Amino acid sequence: MSLAANKIVLEDCKKACTDIECLSILNNQSILITGGTGFMGKWITEMVSYINENGNLNVKLYLLGRDIDKFKEEVPHLAKKSFVTLIEQDVRYLHGLPEDINYIIHAAGSPDNREHISHPLRTIETFYKGTQSLLDASSRISNLKKIIHISSHQIYGKNESELLIDENFAGILEPLTSSNCYAESKRISETVCSYYRNYLKLPIVILRPFAFIGPYQDLEKPWAINNFIRDGILGGPIRILGNGLTERSYLYASDMAFWILKSLVNGAVGETYNLGSSHSISLDQLAVTIQQQIDSKMEVFSKSSKEKYSSISKLVPNTNKITKKLNVKENFNISEAINRTILWNQLKRNN
């Protein structure tokens, strides 16, 4: 990773971390992150590095993942941090955790639907068994203060209305389709959390993430914004697959990391919060925004059929609860988020 690319991430952490003082409760505390070598884990590690160095804090991280060597290769500057301890372990088979853990962020498992379709039973096992295994191990930690369970917006089902999705929303569910194994496994994982919170009194808070964008996100992942940016960096054309009127929203990665840390500090046990941006954008608008930032002459075309769509898919969260209760805000609009992501990927590619 180039120094210039690392500088972008540092600047992003500085802009997103609007109040280091509010995180001072984490001083001399230890945080375990399952899935700690993934996109979320990398960004939380970057944010903790920033607050340790600029807030004079001493936060220790345990990053649990299945491929530690890949993490060391991708982000050697993070792997070498003195406050980071790497644990190579499959979350499904946890038998014990370090005794000094105070907080847990359970972010294990991939949201990549290609993996879910290829291995639906493994997907279900990872989220159901992995959550149960982690919470069993957590119940034996003597000084555990809070667990953040990372769920998914897909538990809401399909939204065919114009409304933003709040935490009480119930859309159209399709449990009898194997391709929905991810959503179903996330639902049962939340039920598992409810049991451990109610009967074993574990201090669990649930976050339901929507879509994110930023450095460290693989542009080959099967999501529109990633593919649009990839196509643009490669010289185009930018290809819109499916209905260009589809609406999504994207929270920038450094905001995501800060919001998660704020959830550790201020999230109320037993509560559920949406984690995402409330500012929607259609895929057509998204493609043009990326085109304008890379090359306004680049071709953008749709490979969608010409049929009329009976409904428009809109997956955009209502974030009033998290922004008001936890006092967080979006510090990057979609144009800035795209610009930072393009620049970081160009620097990485050139390097």
# chains A, B, ... in the order shown; residues from 1 in each chain; ligands from 1
$ closest_atom_pairs --of "segment 111-163 of chain A" --to "segment 317-338 of chain A" --cutoff "12 Å" --atoms "only C-alpha atoms" --output "JSON lines"
{"residue": "A:Ser152", "atom": "CA", "partner": "A:Pro317", "partner_atom": "CA", "distance": 11.5}
{"residue": "A:His153", "atom": "CA", "partner": "A:Pro317", "partner_atom": "CA", "distance": 8.4}
{"residue": "A:Gln154", "atom": "CA", "partner": "A:Pro317", "partner_atom": "CA", "distance": 11.4}
{"residue": "A:Tyr156", "atom": "CA", "partner": "A:Pro317", "partner_atom": "CA", "distance": 10.5}
{"residue": "A:Asn159", "atom": "CA", "partner": "A:Pro317", "partner_atom": "CA", "distance": 10.7}
{"residue": "A:Glu162", "atom": "CA", "partner": "A:Pro317", "partner_atom": "CA", "distance": 11.2}
{"residue": "A:Leu163", "atom": "CA", "partner": "A:Asn318", "partner_atom": "CA", "distance": 8.6}
$ select_by_dssp --residues "segment 129-168 of chain A" --states "helix (DSSP H, G or I)" --output "PyMOL selection string"
chain A and resi 129-138+153-156
$ select_by_dssp --residues "segment 93-250 of chain A" --states "strand (DSSP E)" --output "PyMOL selection string"
chain A and resi 103-106+146-150+204-209+211-213+238-240+247-248+250
$ atom_distance --atom1 "atom CA of Lys221 of chain A" --atom2 "atom CA of Lys70 of chain A"
17.0 Å
$ closest_residue --among "A:Val269, A:Ile260, A:Lys314, A:His279" --to "Glu247 of chain A" --atoms "only C-alpha atoms"
A:Lys314
$ closest_residue --among "A:Phe301, A:Gly276, A:Ser313, A:Gly270" --to "Thr246 of chain A" --atoms "only C-alpha atoms"
A:Ser313
$ residues_around --residues "Gln217 of chain A" --least-positions-apart "5" --cutoff "10 Å" --atoms "only C-alpha atoms" --output "JSON, numbers by chain"
{"A": [38, 39, 40, 42, 212, 226, 253, 341, 345]}
$ write_last_selection --atoms "all heavy atoms" --output "PDB file, in the first residue's frame"
ATOM      1  N   GLY A  38     -11.559  -8.443   7.662  1.00  0.00           N
ATOM      2  CA  GLY A  38     -12.354  -8.025   6.510  1.00  0.00           C
ATOM      3  C   GLY A  38     -12.465  -6.515   6.400  1.00  0.00           C
ATOM      4  O   GLY A  38     -11.741  -5.751   7.051  1.00  0.00           O
ATOM      5  N   PHE A  39     -13.387  -6.063   5.558  1.00  0.00           N
ATOM      6  CA  PHE A  39     -13.584  -4.643   5.279  1.00  0.00           C
ATOM      7  C   PHE A  39     -13.877  -3.850   6.551  1.00  0.00           C
ATOM      8  O   PHE A  39     -13.216  -2.845   6.851  1.00  0.00           O
ATOM      9  CB  PHE A  39     -14.731  -4.491   4.273  1.00  0.00           C
ATOM     10  CG  PHE A  39     -15.169  -3.083   4.005  1.00  0.00           C
ATOM     11  CD1 PHE A  39     -14.339  -2.186   3.355  1.00  0.00           C
ATOM     12  CD2 PHE A  39     -16.435  -2.650   4.397  1.00  0.00           C
ATOM     13  CE1 PHE A  39     -14.757  -0.878   3.097  1.00  0.00           C
ATOM     14  CE2 PHE A  39     -16.862  -1.353   4.145  1.00  0.00           C
ATOM     15  CZ  PHE A  39     -16.014  -0.459   3.498  1.00  0.00           C
ATOM     16  N   MET A  40     -14.836  -4.302   7.344  1.00  0.00           N
ATOM     17  CA  MET A  40     -15.163  -3.604   8.585  1.00  0.00           C
ATOM     18  C   MET A  40     -13.993  -3.626   9.551  1.00  0.00           C
ATOM     19  O   MET A  40     -13.660  -2.617  10.183  1.00  0.00           O
ATOM     20  CB  MET A  40     -16.391  -4.240   9.249  1.00  0.00           C
ATOM     21  CG  MET A  40     -17.709  -3.716   8.777  1.00  0.00           C
ATOM     22  SD  MET A  40     -19.043  -4.303   9.848  1.00  0.00           S
ATOM     23  CE  MET A  40     -20.439  -3.485   9.059  1.00  0.00           C
ATOM     24  N   LYS A  42     -10.796  -3.890   9.030  1.00  0.00           N
ATOM     25  CA  LYS A  42      -9.698  -3.008   8.630  1.00  0.00           C
ATOM     26  C   LYS A  42     -10.008  -1.561   8.978  1.00  0.00           C
ATOM     27  O   LYS A  42      -9.148  -0.829   9.488  1.00  0.00           O
ATOM     28  CB  LYS A  42      -9.441  -3.147   7.123  1.00  0.00           C
ATOM     29  CG  LYS A  42      -8.825  -4.477   6.719  1.00  0.00           C
ATOM     30  CD  LYS A  42      -8.795  -4.643   5.210  1.00  0.00           C
ATOM     31  CE  LYS A  42      -8.270  -6.015   4.825  1.00  0.00           C
ATOM     32  NZ  LYS A  42      -8.412  -6.291   3.379  1.00  0.00           N
ATOM     33  N   PHE A 212     -22.064   0.211   1.930  1.00  0.00           N
ATOM     34  CA  PHE A 212     -20.939   1.083   2.222  1.00  0.00           C
ATOM     35  C   PHE A 212     -20.064   1.224   0.985  1.00  0.00           C
ATOM     36  O   PHE A 212     -20.131   0.425   0.048  1.00  0.00           O
ATOM     37  CB  PHE A 212     -20.094   0.519   3.368  1.00  0.00           C
ATOM     38  CG  PHE A 212     -20.883   0.163   4.592  1.00  0.00           C
ATOM     39  CD1 PHE A 212     -21.036  -1.156   5.000  1.00  0.00           C
ATOM     40  CD2 PHE A 212     -21.496   1.157   5.346  1.00  0.00           C
ATOM     41  CE1 PHE A 212     -21.778  -1.484   6.120  1.00  0.00           C
ATOM     42  CE2 PHE A 212     -22.242   0.848   6.465  1.00  0.00           C
ATOM     43  CZ  PHE A 212     -22.375  -0.486   6.858  1.00  0.00           C
ATOM     44  N   ASN A 226     -19.391  -0.761  -6.753  1.00  0.00           N
ATOM     45  CA  ASN A 226     -18.037  -1.299  -6.910  1.00  0.00           C
ATOM     46  C   ASN A 226     -17.720  -1.535  -8.377  1.00  0.00           C
ATOM     47  O   ASN A 226     -16.632  -1.182  -8.862  1.00  0.00           O
ATOM     48  CB  ASN A 226     -17.897  -2.613  -6.144  1.00  0.00           C
ATOM     49  CG  ASN A 226     -18.178  -2.469  -4.668  1.00  0.00           C
ATOM     50  OD1 ASN A 226     -19.261  -2.037  -4.275  1.00  0.00           O
ATOM     51  ND2 ASN A 226     -17.219  -2.806  -3.833  1.00  0.00           N
ATOM     52  N   ALA A 253     -16.874   4.669   4.420  1.00  0.00           N
ATOM     53  CA  ALA A 253     -16.301   3.679   5.326  1.00  0.00           C
ATOM     54  C   ALA A 253     -15.813   4.267   6.648  1.00  0.00           C
ATOM     55  O   ALA A 253     -15.956   3.637   7.704  1.00  0.00           O
ATOM     56  CB  ALA A 253     -15.165   2.946   4.628  1.00  0.00           C
ATOM     57  N   THR A 341     -12.893   7.166  -2.910  1.00  0.00           N
ATOM     58  CA  THR A 341     -12.738   5.750  -3.258  1.00  0.00           C
ATOM     59  C   THR A 341     -11.998   5.586  -4.579  1.00  0.00           C
ATOM     60  O   THR A 341     -11.105   4.728  -4.700  1.00  0.00           O
ATOM     61  CB  THR A 341     -14.116   5.070  -3.337  1.00  0.00           C
ATOM     62  OG1 THR A 341     -14.809   5.263  -2.108  1.00  0.00           O
ATOM     63  CG2 THR A 341     -13.964   3.577  -3.604  1.00  0.00           C
ATOM     64  N   ASN A 345      -8.204   3.867  -4.956  1.00  0.00           N
ATOM     65  CA  ASN A 345      -8.017   2.705  -5.825  1.00  0.00           C
ATOM     66  C   ASN A 345      -7.040   3.005  -6.962  1.00  0.00           C
ATOM     67  O   ASN A 345      -6.283   2.119  -7.374  1.00  0.00           O
ATOM     68  CB  ASN A 345      -9.362   2.240  -6.394  1.00  0.00           C
ATOM     69  CG  ASN A 345     -10.113   1.338  -5.427  1.00  0.00           C
ATOM     70  OD1 ASN A 345      -9.785   0.159  -5.275  1.00  0.00           O
ATOM     71  ND2 ASN A 345     -11.108   1.894  -4.742  1.00  0.00           N
TER      72      ASN A 345
END
$ residues_around --residues "Phe258 of chain A" --least-positions-apart "2" --cutoff "8 Å" --atoms "only C-alpha atoms" --output "count of residues only"
10
$ residues_around --residues "segment 207-211 of chain A" --least-positions-apart "6" --cutoff "6 Å" --atoms "only C-alpha atoms" --output "ChimeraX atom specification"
/A:150-153,250,272-276
$ closest_residue --among "A:Ala268, A:Val9, A:Ile204, A:Leu57" --to "Cys22 of chain A" --atoms "only C-alpha atoms"
A:Leu57
$ residues_around --residues "Ser139 of chain A" --least-positions-apart "5" --cutoff "9 Å" --atoms "only C-alpha atoms" --output "ChimeraX atom specification"
/A:134,144,196,200-202
$ residues_around --residues "Leu63 of chain A" --least-positions-apart "3" --cutoff "12 Å" --atoms "only C-alpha atoms" --output "PyMOL selection string"
chain A and resi 30-38+40-45+60+66-68+71-72+78-79+81+83-91+97-98+101+104-108
$ closest_residue --among "A:Arg239, A:Gln132, A:Ile124, A:Trp223" --to "Lys186 of chain A" --atoms "only C-alpha atoms"
A:Ile124
$ closest_residue --among "A:Pro222, A:Gly157, A:Gly109, A:Gly55" --to "Lys14 of chain A" --atoms "only C-alpha atoms"
A:Gly55
$ closest_residue --among "A:Asn102, A:Asn28, A:Asn227, A:Ser302" --to "Leu241 of chain A" --atoms "only C-alpha atoms"
A:Ser302
$ closest_atom_pairs --of "segment 150-235 of chain A" --to "segment 284-291 of chain A" --cutoff "7 Å" --atoms "only C-alpha atoms" --output "Markdown table"
| residue | atom | partner | partner_atom | distance |
| --- | --- | --- | --- | --- |
| A:Phe228 | CA | A:Ala287 | CA | 6.3 |
| A:Ile229 | CA | A:Ile290 | CA | 6.6 |
| A:Gly232 | CA | A:Gln291 | CA | 6.7 |
$ atom_distance --atom1 "atom CA of Lys7 of chain A" --atom2 "atom CA of Trp344 of chain A"
9.4 Å
$ decode --residues "segment 162-194 of chain A" --atoms "C-alpha atoms" --output "PDB file, in the first residue's frame"
ATOM      1  CA  GLU A 162     -41.016   4.827  -1.342  1.00  0.00           C
ATOM      2  CA  LEU A 163     -40.571   4.809   2.412  1.00  0.00           C
ATOM      3  CA  LEU A 164     -37.215   4.746   4.142  1.00  0.00           C
ATOM      4  CA  ILE A 165     -36.731   1.538   6.124  1.00  0.00           C
ATOM      5  CA  ASP A 166     -36.855   1.972   9.884  1.00  0.00           C
ATOM      6  CA  GLU A 167     -36.004  -0.608  12.535  1.00  0.00           C
ATOM      7  CA  ASN A 168     -39.617  -1.838  12.756  1.00  0.00           C
ATOM      8  CA  PHE A 169     -40.073  -2.354   9.018  1.00  0.00           C
ATOM      9  CA  ALA A 170     -41.271  -5.748   7.746  1.00  0.00           C
ATOM     10  CA  GLY A 171     -41.086  -6.247   4.001  1.00  0.00           C
ATOM     11  CA  ILE A 172     -41.757  -9.193   1.718  1.00  0.00           C
ATOM     12  CA  LEU A 173     -39.963 -12.331   2.924  1.00  0.00           C
ATOM     13  CA  GLU A 174     -39.069 -15.346   0.765  1.00  0.00           C
ATOM     14  CA  PRO A 175     -37.786 -18.004   3.190  1.00  0.00           C
ATOM     15  CA  LEU A 176     -38.413 -20.950   0.845  1.00  0.00           C
ATOM     16  CA  THR A 177     -35.745 -19.833  -1.642  1.00  0.00           C
ATOM     17  CA  SER A 178     -32.222 -21.127  -1.008  1.00  0.00           C
ATOM     18  CA  SER A 179     -30.726 -17.900  -2.363  1.00  0.00           C
ATOM     19  CA  ASN A 180     -32.233 -16.177   0.686  1.00  0.00           C
ATOM     20  CA  CYS A 181     -30.115 -18.253   3.059  1.00  0.00           C
ATOM     21  CA  TYR A 182     -28.134 -15.151   4.035  1.00  0.00           C
ATOM     22  CA  ALA A 183     -31.185 -13.155   5.116  1.00  0.00           C
ATOM     23  CA  GLU A 184     -32.679 -16.124   6.946  1.00  0.00           C
ATOM     24  CA  SER A 185     -29.425 -16.905   8.762  1.00  0.00           C
ATOM     25  CA  LYS A 186     -29.153 -13.262   9.832  1.00  0.00           C
ATOM     26  CA  ARG A 187     -32.695 -13.409  11.204  1.00  0.00           C
ATOM     27  CA  ILE A 188     -32.021 -16.537  13.241  1.00  0.00           C
ATOM     28  CA  SER A 189     -28.764 -14.991  14.477  1.00  0.00           C
ATOM     29  CA  GLU A 190     -30.728 -12.050  15.848  1.00  0.00           C
ATOM     30  CA  THR A 191     -33.043 -14.535  17.572  1.00  0.00           C
ATOM     31  CA  VAL A 192     -30.001 -16.247  19.095  1.00  0.00           C
ATOM     32  CA  CYS A 193     -28.830 -12.838  20.343  1.00  0.00           C
ATOM     33  CA  SER A 194     -32.243 -12.246  21.892  1.00  0.00           C
TER      34      SER A 194
END
